[in-house]
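Just model.pdb here, PDB, C-alpha atoms, pLDDT in the B column:
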```
MODEL        1
ATOM      1  CA  MET Z   1       0.000   0.000   0.000  1.00 44.00           C
ATOM      2  CA  SER Z   2       1.317   3.423  -0.811  1.00 46.00           C
ATOM      3  CA  GLU Z   3       1.841   5.567   2.240  1.00 55.00           C
ATOM      4  CA  SER Z   4      -0.501   8.494   2.517  1.00 56.00           C
ATOM      5  CA  TYR Z   5      -0.296  10.691   5.551  1.00 71.00           C
ATOM      6  CA  TRP Z   6      -2.298  13.705   6.556  1.00 81.00           C
ATOM      7  CA  ARG Z   7      -0.593  16.982   7.391  1.00 82.00           C
ATOM      8  CA  ILE Z   8      -1.967  20.243   8.775  1.00 82.00           C
ATOM      9  CA  CYS Z   9      -1.243  23.293   6.636  1.00 82.00           C
ATOM     10  CA  HIS Z  10      -1.595  27.060   7.043  1.00 80.00           C
ATOM     11  CA  ILE Z  11      -0.329  30.194   5.327  1.00 79.00           C
ATOM     12  CA  GLY Z  12       2.882  31.588   6.835  1.00 79.00           C
ATOM     13  CA  ALA Z  13       3.873  35.235   7.262  1.00 80.00           C
ATOM     14  CA  ASP Z  14       5.598  35.242   3.852  1.00 84.00           C
ATOM     15  CA  GLY Z  15       2.455  33.918   2.099  1.00 80.00           C
ATOM     16  CA  GLU Z  16       3.854  30.417   1.552  1.00 84.00           C
ATOM     17  CA  GLU Z  17       1.884  27.398   2.682  1.00 80.00           C
ATOM     18  CA  ILE Z  18       3.478  25.687   5.691  1.00 81.00           C
ATOM     19  CA  CYS Z  19       2.580  22.036   6.296  1.00 81.00           C
ATOM     20  CA  GLU Z  20       3.458  20.154   9.461  1.00 80.00           C
ATOM     21  CA  ASP Z  21       3.070  16.602  10.661  1.00 77.00           C
ATOM     22  CA  LEU Z  22       0.069  15.977  12.870  1.00 75.00           C
ATOM     23  CA  TYR Z  23       2.445  15.226  15.759  1.00 68.00           C
ATOM     24  CA  ALA Z  24       4.261  18.594  15.542  1.00 66.00           C
ATOM     25  CA  GLU Z  25       3.770  21.512  17.913  1.00 70.00           C
ATOM     26  CA  LEU Z  26       0.706  23.081  16.377  1.00 67.00           C
ATOM     27  CA  ASP Z  27       0.055  26.740  15.771  1.00 64.00           C
ATOM     28  CA  PRO Z  28      -1.231  28.457  18.933  1.00 68.00           C
ATOM     29  CA  GLN Z  29      -4.171  29.825  16.895  1.00 70.00           C
ATOM     30  CA  LEU Z  30      -5.792  26.386  17.160  1.00 72.00           C
ATOM     31  CA  ASP Z  31      -7.829  25.983  20.310  1.00 77.00           C
ATOM     32  CA  GLU Z  32      -7.184  23.149  22.759  1.00 82.00           C
ATOM     33  CA  VAL Z  33     -10.043  20.974  21.483  1.00 81.00           C
ATOM     34  CA  LEU Z  34      -8.953  21.161  17.840  1.00 80.00           C
ATOM     35  CA  THR Z  35      -5.325  20.589  18.811  1.00 80.00           C
ATOM     36  CA  GLY Z  36      -6.417  17.446  20.686  1.00 83.00           C
ATOM     37  CA  GLN Z  37      -8.463  16.234  17.709  1.00 85.00           C
ATOM     38  CA  VAL Z  38      -5.560  16.784  15.298  1.00 83.00           C
ATOM     39  CA  LYS Z  39      -3.238  14.846  17.627  1.00 82.00           C
ATOM     40  CA  GLU Z  40      -5.834  12.019  17.896  1.00 85.00           C
ATOM     41  CA  LEU Z  41      -5.933  11.889  14.104  1.00 85.00           C
ATOM     42  CA  GLY Z  42      -2.129  11.639  14.185  1.00 83.00           C
ATOM     43  CA  GLY Z  43      -2.416   8.702  16.587  1.00 84.00           C
ATOM     44  CA  LEU Z  44      -4.898   6.935  14.288  1.00 84.00           C
ATOM     45  CA  GLN Z  45      -2.555   7.587  11.385  1.00 82.00           C
ATOM     46  CA  GLU Z  46       0.271   5.944  13.343  1.00 83.00           C
ATOM     47  CA  VAL Z  47      -1.890   2.856  14.059  1.00 84.00           C
ATOM     48  CA  VAL Z  48      -2.777   2.525  10.366  1.00 82.00           C
ATOM     49  CA  GLY Z  49       0.924   2.398   9.532  1.00 80.00           C
ATOM     50  CA  GLN Z  50       1.440  -0.517  11.930  1.00 85.00           C
ATOM     51  CA  VAL Z  51      -1.325  -2.780  10.571  1.00 85.00           C
ATOM     52  CA  THR Z  52       0.111  -5.629   8.502  1.00 86.00           C
ATOM     53  CA  ASP Z  53      -3.091  -7.205   7.143  1.00 86.00           C
ATOM     54  CA  SER Z  54      -3.730  -5.377   3.853  1.00 82.00           C
ATOM     55  CA  ALA Z  55      -7.530  -5.758   3.892  1.00 82.00           C
ATOM     56  CA  LEU Z  56      -7.710  -4.435   7.457  1.00 84.00           C
ATOM     57  CA  GLN Z  57      -5.326  -1.613   6.590  1.00 83.00           C
ATOM     58  CA  VAL Z  58      -7.626  -0.577   3.718  1.00 84.00           C
ATOM     59  CA  ARG Z  59     -10.553  -0.290   6.129  1.00 83.00           C
ATOM     60  CA  PHE Z  60      -8.466   1.694   8.642  1.00 84.00           C
ATOM     61  CA  VAL Z  61      -7.283   4.118   5.928  1.00 83.00           C
ATOM     62  CA  GLU Z  62     -10.926   4.707   4.952  1.00 84.00           C
ATOM     63  CA  VAL Z  63     -11.737   5.529   8.589  1.00 85.00           C
ATOM     64  CA  LEU Z  64      -8.681   7.795   8.777  1.00 85.00           C
ATOM     65  CA  ASP Z  65      -9.720   9.641   5.603  1.00 83.00           C
ATOM     66  CA  GLU Z  66     -13.301  10.093   6.829  1.00 84.00           C
ATOM     67  CA  ALA Z  67     -12.088  11.403  10.205  1.00 86.00           C
ATOM     68  CA  ALA Z  68      -9.690  13.844   8.489  1.00 85.00           C
ATOM     69  CA  THR Z  69     -12.433  15.074   6.157  1.00 83.00           C
ATOM     70  CA  ARG Z  70     -14.789  15.705   9.095  1.00 85.00           C
ATOM     71  CA  LEU Z  71     -12.064  17.423  11.118  1.00 86.00           C
ATOM     72  CA  ASN Z  72     -11.179  19.623   8.140  1.00 83.00           C
ATOM     73  CA  LEU Z  73     -14.647  21.186   8.369  1.00 83.00           C
ATOM     74  CA  SER Z  74     -13.993  22.316  11.977  1.00 84.00           C
ATOM     75  CA  LEU Z  75     -10.623  23.952  11.417  1.00 83.00           C
ATOM     76  CA  PRO Z  76     -10.515  27.756  11.553  1.00 82.00           C
ATOM     77  CA  GLU Z  77     -10.043  29.772   8.370  1.00 80.00           C
ATOM     78  CA  GLY Z  78      -6.492  29.543   7.080  1.00 80.00           C
ATOM     79  CA  PHE Z  79      -5.945  25.955   8.271  1.00 81.00           C
ATOM     80  CA  VAL Z  80      -6.511  22.817   6.224  1.00 83.00           C
ATOM     81  CA  LEU Z  81      -5.654  19.123   6.436  1.00 83.00           C
ATOM     82  CA  ARG Z  82      -3.946  17.869   3.271  1.00 80.00           C
ATOM     83  CA  ARG Z  83      -2.874  14.413   2.257  1.00 76.00           C
ATOM     84  CA  ALA Z  84       0.903  14.334   1.897  1.00 69.00           C
ATOM     85  CA  ASP Z  85       0.819  12.264  -1.304  1.00 63.00           C
ATOM     86  CA  ILE Z  86      -1.031  14.989  -3.250  1.00 56.00           C
ATOM     87  CA  ALA Z  87       2.348  16.708  -3.783  1.00 55.00           C
ATOM     88  CA  GLU Z  88       3.477  13.650  -5.754  1.00 57.00           C
ATOM     89  CA  PHE Z  89       0.464  14.045  -8.060  1.00 55.00           C
ATOM     90  CA  ALA Z  90       1.343  17.697  -8.727  1.00 56.00           C
ATOM     91  CA  ASN Z  91       4.742  16.573 -10.067  1.00 58.00           C
ATOM     92  CA  GLN Z  92       3.252  14.239 -12.697  1.00 58.00           C
ATOM     93  CA  GLU Z  93       3.719  15.325 -16.310  1.00 63.00           C
ATOM     94  CA  GLU Z  94       0.570  13.711 -17.729  1.00 68.00           C
ATOM     95  CA  PHE Z  95      -2.878  12.966 -16.372  1.00 68.00           C
ATOM     96  CA  PHE Z  96      -4.763   9.954 -17.683  1.00 77.00           C
ATOM     97  CA  GLY Z  97      -7.930  10.300 -15.618  1.00 84.00           C
ATOM     98  CA  VAL Z  98      -9.286   8.224 -12.773  1.00 90.00           C
ATOM     99  CA  PRO Z  99      -7.763   4.727 -12.850  1.00 93.00           C
ATOM    100  CA  GLY Z 100     -10.252   2.038 -13.892  1.00 95.00           C
ATOM    101  CA  VAL Z 101     -10.406  -0.562 -11.129  1.00 96.00           C
ATOM    102  CA  VAL Z 102     -13.533  -2.576 -12.025  1.00 95.00           C
ATOM    103  CA  GLY Z 103     -12.622  -6.273 -12.005  1.00 95.00           C
ATOM    104  CA  MET Z 104      -9.712  -5.843  -9.586  1.00 96.00           C
ATOM    105  CA  ASN Z 105      -9.731  -7.277  -6.077  1.00 94.00           C
ATOM    106  CA  HIS Z 106     -10.643  -4.824  -3.324  1.00 94.00           C
ATOM    107  CA  VAL Z 107      -7.167  -4.314  -1.856  1.00 92.00           C
ATOM    108  CA  ASP Z 108      -5.461  -3.836  -5.249  1.00 93.00           C
ATOM    109  CA  ALA Z 109      -8.153  -1.406  -6.405  1.00 95.00           C
ATOM    110  CA  PHE Z 110      -7.910   0.581  -3.177  1.00 91.00           C
ATOM    111  CA  ASN Z 111      -4.115   0.770  -3.400  1.00 89.00           C
ATOM    112  CA  THR Z 112      -4.202   1.737  -7.086  1.00 92.00           C
ATOM    113  CA  LEU Z 113      -6.557   4.657  -6.446  1.00 92.00           C
ATOM    114  CA  ARG Z 114      -4.696   5.790  -3.318  1.00 86.00           C
ATOM    115  CA  ALA Z 115      -1.344   5.664  -5.148  1.00 83.00           C
ATOM    116  CA  GLU Z 116      -2.786   8.125  -7.677  1.00 84.00           C
ATOM    117  CA  GLY Z 117      -3.896  10.490  -4.905  1.00 81.00           C
ATOM    118  CA  TYR Z 118      -7.612   9.658  -4.780  1.00 86.00           C
ATOM    119  CA  GLY Z 119      -9.724   9.101  -1.702  1.00 85.00           C
ATOM    120  CA  VAL Z 120     -11.601   5.796  -1.692  1.00 90.00           C
ATOM    121  CA  LYS Z 121     -14.964   4.821  -0.210  1.00 90.00           C
ATOM    122  CA  THR Z 122     -15.971   1.158  -0.336  1.00 92.00           C
ATOM    123  CA  VAL Z 123     -19.623   0.238  -0.816  1.00 91.00           C
ATOM    124  CA  TRP Z 124     -20.249  -3.417   0.004  1.00 90.00           C
ATOM    125  CA  GLU Z 125     -22.813  -5.287  -2.086  1.00 90.00           C
ATOM    126  CA  TRP Z 126     -24.004  -8.873  -2.121  1.00 85.00           C
ATOM    127  CA  THR Z 127     -26.401  -8.867  -5.063  1.00 84.00           C
ATOM    128  CA  SER Z 128     -23.704  -9.098  -7.745  1.00 82.00           C
ATOM    129  CA  SER Z 129     -22.757 -12.342  -9.449  1.00 85.00           C
ATOM    130  CA  ALA Z 130     -19.032 -11.453  -9.293  1.00 87.00           C
ATOM    131  CA  GLU Z 131     -16.558 -13.299  -7.089  1.00 91.00           C
ATOM    132  CA  GLU Z 132     -16.181 -12.167  -3.495  1.00 91.00           C
ATOM    133  CA  ASN Z 133     -13.908  -9.104  -2.925  1.00 92.00           C
ATOM    134  CA  ILE Z 134     -13.994  -8.069  -6.606  1.00 94.00           C
ATOM    135  CA  VAL Z 135     -14.797  -4.458  -7.587  1.00 95.00           C
ATOM    136  CA  THR Z 136     -17.994  -4.497  -9.634  1.00 94.00           C
ATOM    137  CA  ASP Z 137     -18.432  -0.747 -10.260  1.00 94.00           C
ATOM    138  CA  GLN Z 138     -16.860   2.613  -9.525  1.00 95.00           C
ATOM    139  CA  SER Z 139     -17.899   6.244  -9.526  1.00 93.00           C
ATOM    140  CA  PRO Z 140     -16.468   8.382 -11.028  1.00 91.00           C
ATOM    141  CA  ALA Z 141     -15.777   5.932 -13.816  1.00 92.00           C
ATOM    142  CA  GLY Z 142     -12.297   4.931 -14.902  1.00 92.00           C
ATOM    143  CA  GLY Z 143     -10.807   7.447 -17.330  1.00 87.00           C
ATOM    144  CA  SER Z 144     -13.055  10.325 -16.241  1.00 86.00           C
ATOM    145  CA  PHE Z 145     -11.389  13.688 -15.692  1.00 82.00           C
ATOM    146  CA  ASN Z 146     -11.676  14.030 -11.920  1.00 79.00           C
ATOM    147  CA  LEU Z 147      -8.504  15.278 -10.279  1.00 77.00           C
ATOM    148  CA  PRO Z 148      -7.215  13.968  -6.959  1.00 78.00           C
ATOM    149  CA  PRO Z 149      -8.125  14.127  -4.103  1.00 75.00           C
ATOM    150  CA  THR Z 150     -11.628  13.314  -5.418  1.00 82.00           C
ATOM    151  CA  THR Z 151     -13.194  10.409  -3.538  1.00 87.00           C
ATOM    152  CA  VAL Z 152     -13.879   7.406  -5.751  1.00 93.00           C
ATOM    153  CA  ASN Z 153     -16.679   5.086  -4.649  1.00 92.00           C
ATOM    154  CA  ILE Z 154     -16.000   1.438  -5.407  1.00 95.00           C
ATOM    155  CA  TRP Z 155     -18.622  -1.298  -5.135  1.00 94.00           C
ATOM    156  CA  VAL Z 156     -17.187  -4.573  -3.873  1.00 94.00           C
ATOM    157  CA  ARG Z 157     -18.881  -7.974  -3.869  1.00 91.00           C
ATOM    158  CA  THR Z 158     -19.223  -9.459  -0.411  1.00 88.00           C
ATOM    159  CA  LEU Z 159     -21.218 -12.295   1.109  1.00 82.00           C
ATOM    160  CA  PRO Z 160     -24.730 -11.490   2.321  1.00 74.00           C
ATOM    161  CA  PRO Z 161     -25.123 -10.951   6.045  1.00 71.00           C
ATOM    162  CA  GLU Z 162     -25.895 -13.982   8.143  1.00 73.00           C
ATOM    163  CA  PRO Z 163     -29.625 -14.304   8.833  1.00 74.00           C
ATOM    164  CA  GLU Z 164     -30.634 -13.250  12.296  1.00 77.00           C
ATOM    165  CA  VAL Z 165     -31.225 -16.227  14.603  1.00 77.00           C
ATOM    166  CA  VAL Z 166     -34.116 -15.664  16.980  1.00 73.00           C
ATOM    167  CA  ASP Z 167     -33.597 -17.271  20.370  1.00 78.00           C
ATOM    168  CA  ASN Z 168     -37.164 -16.894  21.601  1.00 76.00           C
ATOM    169  CA  PRO Z 169     -39.576 -16.805  18.678  1.00 70.00           C
ATOM    170  CA  LYS Z 170     -42.910 -15.143  19.362  1.00 73.00           C
ATOM    171  CA  PHE Z 171     -46.023 -16.292  17.592  1.00 72.00           C
ATOM    172  CA  LEU Z 172     -48.813 -13.897  16.830  1.00 73.00           C
ATOM    173  CA  LEU Z 173     -52.344 -15.166  17.261  1.00 74.00           C
ATOM    174  CA  GLU Z 174     -54.724 -14.313  14.494  1.00 68.00           C
TER     175      GLU Z 174
ENDMDL
END
```
Write the structure described by the file as structure tokens, please.
Amino acid sequence: MSESYWRICHIGADGEEICEDLYAELDPQLDEVLTGQVKELGGLQEVVGQVTDSALQVRFVEVLDEAATRLNLSLPEGFVLRRADIAEFANQEEFFGVPGVVGMNHVDAFNTLRAEGYGVKTVWEWTSSAEENIVTDQSPAGGSFNLPPTTVNIWVRTLPPEPEVVDNPKFLLE
């Protein structure tokens, strides 16, 4: 999996954007609550980096991305959370559109999109006839002109949930 870490950025006195790790001493303009939330996000980011199971890591990265997106909305004007791998995208000479991942297994599709700078949201489905853990659809579609960090929804075939077992059935009298 390509590494993708969140950083907190703000505009410095000279007008340049300054980005710092989530663990760094944060700007005193951030209140105590937001500083705590940014540091918690940094802790979650550290845990994600330690997970060795690739399927579990994919799910943790999705949670990390969702938490960062929500936290971004609470930051004061002038502050923003940015994914560190977006800088790599800016250095690319050509853009070929959103990678097409339909037909790939879930982990490979997730890693392919993340490596290109996209956010990924998995939608689990069990009505497809595809094999388990295979991407059956994506939105935006492969090849479409959506720049990173757009979130790409991928639909992945999974098994249906187990039926609920009722311990004490109740019968209704007619």
On this structure, which residues satisfy the PyMOL selection byres ((chain Z and resi 72) around 12), written as a count of residues only?
26
If we count only C-alpha atoms and set the cut-off at 9 Å, which residues sit around Leu147 (chain Z), ignoring sequence neighbours fewer than 6 positions away in its own chain? Please answer as an MDAnalysis selection string.
chainID Z and resid 95 97:98 117:118
Taking the file as shown, what set of residues would the PyMOL selection byres ((chain Z and resi 49) around 10) give back, as a PyMOL selection string?
chain Z and resi 1+3-5+44-48+50-52+57+60-61
Find the residues near region 103-115 of chain Z: any atom within 7 Å, counting all atoms listed in the file, skip ones fewer than 6 places away on the same chain, and give them as an MDAnalysis selection string.
chainID Z and resid 1:2 54:55 58 133:136 156
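When only C-alpha atoms are used to measure the gap to Glu132 (chain Z), the shortest distance among Z:Asn146, Z:Thr151, Z:Thr35, Z:Thr158 belongs to Z:Thr158.
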What does the distance between CA of Gly43 (chain Z) and CA of Ala13 (chain Z) come to in Å, to one decimal place?
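Going from CA of Gly43 (chain Z) over to CA of Ala13 (chain Z), I get 28.8 Å.
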To one decimal place in Å, what is the distance between CA of Ser129 (chain Z) and CA of Gly142 (chain Z)?
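CA of Gly142 (chain Z) lies at a distance of 20.9 Å from CA of Ser129 (chain Z).
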Please measure the separation of CA of Pro99 (chain Z) and CA of Val120 (chain Z), giving the value in Å to one decimal.
11.8 Å
Take every atom of region 144-156 of chain Z listed in the file, fit an axis-aligned box around them, add 3 Å per side, and give the centre and edge lengths in Å to one decimal as JSON.
```
{"center_x": -12.9, "center_y": 5.4, "center_z": -9.9, "size_x": 17.4, "size_y": 25.9, "size_z": 18.7}
```
Determine the residue set returned by the PyMOL selection byres ((chain Z and resi 152) around 7) for the present structure, and present it as number ranges by chain.
Z: 118-121, 138-140, 150-151, 153-154
